[in-house]
>>> print(open('structure14.cif').read())   # mmCIF, C-alpha atoms
data_coords
#
loop_
_atom_site.group_PDB
_atom_site.id
_atom_site.type_symbol
_atom_site.label_atom_id
_atom_site.label_comp_id
_atom_site.auth_asym_id
_atom_site.auth_seq_id
_atom_site.Cartn_x
_atom_site.Cartn_y
_atom_site.Cartn_z
ATOM 1 C CA MET A 7 0.000 0.000 0.000
ATOM 2 C CA ASP A 8 2.840 2.344 0.857
ATOM 3 C CA GLN A 9 4.463 1.768 -2.563
ATOM 4 C CA SER A 10 1.294 2.761 -4.474
ATOM 5 C CA ASN A 11 1.039 5.968 -2.414
ATOM 6 C CA ASN A 12 4.685 6.684 -3.197
ATOM 7 C CA SER A 13 4.190 6.286 -6.956
ATOM 8 C CA GLN A 14 1.033 8.438 -6.834
ATOM 9 C CA ASN A 15 2.961 11.183 -5.048
ATOM 10 C CA ASN A 16 5.703 11.016 -7.688
ATOM 11 C CA LEU A 17 3.137 11.482 -10.441
ATOM 12 C CA ASN A 18 1.784 14.575 -8.717
ATOM 13 C CA LEU A 19 5.290 16.088 -8.565
ATOM 14 C CA LEU A 20 5.724 16.071 -12.367
ATOM 15 C CA SER A 21 5.362 19.504 -13.884
ATOM 16 C CA GLU A 22 3.226 19.552 -17.026
ATOM 17 C CA ALA A 23 5.192 22.564 -18.319
ATOM 18 C CA ASN A 24 8.274 20.349 -18.840
ATOM 19 C CA TYR A 25 6.522 18.154 -21.410
ATOM 20 C CA LEU A 26 4.838 18.581 -24.756
ATOM 21 C CA VAL A 27 1.196 18.067 -23.870
ATOM 22 C CA THR A 28 -1.725 18.392 -26.245
ATOM 23 C CA LYS A 29 -5.217 19.058 -25.073
ATOM 24 C CA ALA A 30 -8.542 18.540 -26.780
ATOM 25 C CA VAL A 31 -9.924 21.594 -28.577
ATOM 26 C CA SER A 32 -13.408 21.963 -29.950
ATOM 27 C CA THR A 33 -12.987 22.859 -33.631
ATOM 28 C CA SER A 34 -16.303 24.680 -33.624
ATOM 29 C CA SER A 35 -14.908 27.161 -31.085
ATOM 30 C CA LEU A 36 -12.058 28.208 -33.423
ATOM 31 C CA PRO A 37 -12.650 31.449 -35.344
ATOM 32 C CA GLN A 38 -13.315 30.898 -39.067
ATOM 33 C CA GLN A 39 -10.520 33.357 -39.947
ATOM 34 C CA LYS A 40 -7.981 31.206 -38.056
ATOM 35 C CA VAL A 41 -9.199 28.019 -39.758
ATOM 36 C CA SER A 42 -8.980 29.534 -43.251
ATOM 37 C CA SER A 43 -5.551 31.030 -42.484
ATOM 38 C CA ASP A 44 -4.226 27.641 -41.353
ATOM 39 C CA LEU A 45 -5.700 25.976 -44.422
ATOM 40 C CA ASP A 46 -3.983 28.504 -46.707
ATOM 41 C CA GLN A 47 -0.644 27.859 -45.001
ATOM 42 C CA LEU A 48 -1.061 24.093 -45.394
ATOM 43 C CA GLU A 49 -1.860 24.469 -49.100
ATOM 44 C CA LYS A 50 1.276 26.588 -49.628
ATOM 45 C CA ALA A 51 3.394 24.009 -47.794
ATOM 46 C CA GLU A 52 1.990 21.179 -49.928
ATOM 47 C CA LYS A 53 2.812 23.078 -53.137
ATOM 48 C CA LYS A 54 6.394 23.557 -51.940
ATOM 49 C CA THR A 55 6.826 19.828 -51.337
ATOM 50 C CA GLU A 56 5.817 19.061 -54.923
ATOM 51 C CA TYR A 57 8.684 21.128 -56.329
ATOM 52 C CA LYS A 58 11.880 19.205 -56.916
ATOM 53 C CA ALA A 59 14.904 21.163 -58.143
ATOM 54 C CA ASN A 60 16.601 19.969 -61.302
ATOM 55 C CA ILE A 61 20.323 19.952 -60.493
ATOM 56 C CA THR A 62 21.185 18.830 -64.028
ATOM 57 C CA LYS A 63 19.816 21.957 -65.721
ATOM 58 C CA GLY A 64 22.283 23.315 -68.266
ATOM 59 C CA VAL A 65 24.603 20.264 -68.280
ATOM 60 C CA LYS A 66 25.654 19.524 -71.869
ATOM 61 C CA ASN A 67 27.742 16.382 -71.413
ATOM 62 C CA PRO A 68 25.401 13.327 -71.388
ATOM 63 C CA GLN A 69 27.683 11.304 -69.106
ATOM 64 C CA VAL A 70 27.833 14.079 -66.536
ATOM 65 C CA TYR A 71 24.067 14.512 -66.858
ATOM 66 C CA VAL A 72 23.481 10.830 -66.075
ATOM 67 C CA ALA A 73 25.933 10.897 -63.169
ATOM 68 C CA MET A 74 24.355 14.013 -61.683
ATOM 69 C CA SER A 75 20.857 12.569 -62.096
ATOM 70 C CA ALA A 76 21.943 9.454 -60.212
ATOM 71 C CA LEU A 77 23.216 11.604 -57.336
ATOM 72 C CA ARG A 78 19.971 13.544 -57.127
ATOM 73 C CA LEU A 79 18.718 13.292 -53.570
ATOM 74 C CA SER A 80 15.158 12.269 -52.885
ATOM 75 C CA ASN A 81 13.206 11.725 -49.726
ATOM 76 C CA PRO A 82 11.988 8.112 -49.526
ATOM 77 C CA PHE A 83 9.145 9.171 -47.229
ATOM 78 C CA LYS A 84 7.623 11.451 -49.869
ATOM 79 C CA GLY A 85 6.914 8.577 -52.217
ATOM 80 C CA TYR A 86 8.975 9.579 -55.262
#
>>> encode(input="structure14.cif", output="structure tokens")
Amino acid sequence: MDQSNNSQNNLNLLSEANYLVTKAVSTSSLPQQKVSSDLDQLEKAEKKTEYKANITKGVKNPQVYVAMSALRLSNPFKGY
């Protein structure tokens, strides 16, 4: 019994400010301006992820072009 009281006391000593804690929010209570602003920012971020720079632009030598294309970095988590 004493051990369970001890562990309960330890839990009460933890400061919530030291941890990343998320709390439930009612989406209907959010202002419509905030929701549309967040949606616009997400759309811009998605457009940026679709762009992939072409590092081989302007390379005339076909062998160098192939070598540079092979070295082109891609993120395996993006699916391309």
>>> atom_distance(input="structure14.cif", atom1="CA of Lys53 (chain A)", atom2="CA of Ala30 (chain A)")
29.1 Å
>>> axis_aligned_box(input="structure14.cif", around="region 48-51 of chain A", padding_each_side="3 Å", output="AutoDock Vina command-line options")
--center_x 0.8 --center_y 25.3 --center_z -47.5 --size_x 11.3 --size_y 8.6 --size_z 10.2
>>> atom_distance(input="structure14.cif", atom1="CA of Leu45 (chain A)", atom2="CA of Ala23 (chain A)")
28.5 Å
>>> atom_distance(input="structure14.cif", atom1="CA of Pro37 (chain A)", atom2="CA of Lys54 (chain A)")
26.5 Å
>>> closest_residue(input="structure14.cif", among="A:Glu49, A:Lys63, A:Glu56, A:Ser35", to="Ser75 (chain A)", atoms="all atoms listed in the file")
A:Lys63
